[in-house]
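Novice: Structure below; questions to follow.
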Amino acid sequence: VLFVGRFVPKKGFDKLLAAQCDDYQLVFVGGDLPGESNEKVVFLGKLPQLQVAEVYQAADVFVLPSEAEGFPLSVQEAMATGLPIITSNDDGYRRYNFDTKLMYLLDNPVADTLHSTIAALVRDEAQMNAMSAYSRNYSEHNFSWKSFLSGLTSLYDSLAV
């Protein structure tokens, strides 16, 4: 279970850390090392972007229980990698019309909610596969260069007099 972001309360780092258990391993990337790694929790700290991409590819699930973030780049990167997503239900996500059966948006996630959601998901291979396919497909259709350029061209065309 991967977390990418600064190790600060706003990112929900502490909530996810408190959700550790024997059912899965937590991997944290992106901040100053707050502690020692062990079997359940691995702190990789700050990594070059190419290594972060490799960590995304090695993960099974992405979790970011952040507060007031909008749509963080780390979630977009995880979707592009095809990871199932568990994150906070932020108003910034509304305009994207995510399928909440295939992308878990939790209201005010706390350690217990995170733990139960993650544990249930990692035991459900069919749901993991469906969420993974959804993330990748959504990313390809909404965040690819082709999609971006098409939208930009449409915007310019609408502004032309």
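Residues in the structure tokens are numbered from 1 in each chain, the chains being A, B, ... in the order shown, and ligands are numbered from 1 in the order shown.
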Tell me which protein, DNA and RNA residues are within 9 Å of region 88-98 of chain A, counting only C-alpha atoms, leaving out same-chain ones fewer than 5 positions away, and put them as a ChimeraX atom specification.
Specialist: /A:63-71,103-109,138
Novice: I'd like the neighbourhood of region 25-38 of chain A as number ranges by chain, where a residue qualifies if any of its atoms comes within 12 Å (using only C-alpha atoms), though same-chain residues fewer than 2 positions away should be ignored.
Specialist: A: 1-8, 11-23, 40-49, 51-56, 58-64, 74, 114-115, 118-119, 122
Novice: If DSSP is run on the backbone, what residues of region 4-82 of chain A are alpha helix (DSSP H)? A reply as a list of chain:residue names would be ideal.
Specialist: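 Restricting region 4-82 of chain A to alpha helix (DSSP H) produces A:Phe13, A:Asp14, A:Lys15, A:Leu16, A:Leu17, A:Ala18, A:Gln49, A:Leu50, A:Gln51, A:Val52, A:Ala53, A:Glu54, A:Val55, A:Tyr56, A:Gln57, A:Ala58, A:Leu73, A:Ser74, A:Val75, A:Gln76, A:Glu77, A:Ala78, A:Met79, A:Ala80, A:Thr81.
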Novice: CA of Ala111 (chain A) and CA of Lys10 (chain A), how far apart in Å?
Specialist: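 Answer for the CA of Lys10 (chain A) to CA of Ala111 (chain A) separation: 14.3 Å.
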Novice: List every residue of region 3-79 of chain A that has an atom at most 10 Å from any atom of region 126-137 of chain A, and for each one report the closest atom pair and its distance in Å to one decimal, counting only C-alpha atoms, with rows sorted by chain and then by increasing residue number, as CSV.
Specialist:
```
residue,atom,partner,partner_atom,distance
A:Asp60,CA,A:Met128,CA,8.3
A:Val61,CA,A:Met128,CA,8.1
A:Val75,CA,A:Ser135,CA,9.7
A:Gln76,CA,A:Ser135,CA,8.8
A:Glu77,CA,A:Ser135,CA,9.8
A:Ala78,CA,A:Ser135,CA,7.9
A:Met79,CA,A:Ser135,CA,4.5
```
Novice: Would you mind writing down, as a list of chain:residue names, each residue of region 63-103 of chain A that DSSP on the backbone assigns to strand (DSSP E)?
Specialist: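 Of region 63-103 of chain A, only A:Val63, A:Leu64, A:Ile85, A:Ile86, A:Thr87, A:Ser88 fall in strand (DSSP E).
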Novice: Report, in Å to a single decimal, how far apart CA of Ala80 (chain A) and CA of Ser144 (chain A) are.
Specialist: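 Separating CA of Ser144 (chain A) from CA of Ala80 (chain A) is a distance of 8.9 Å.
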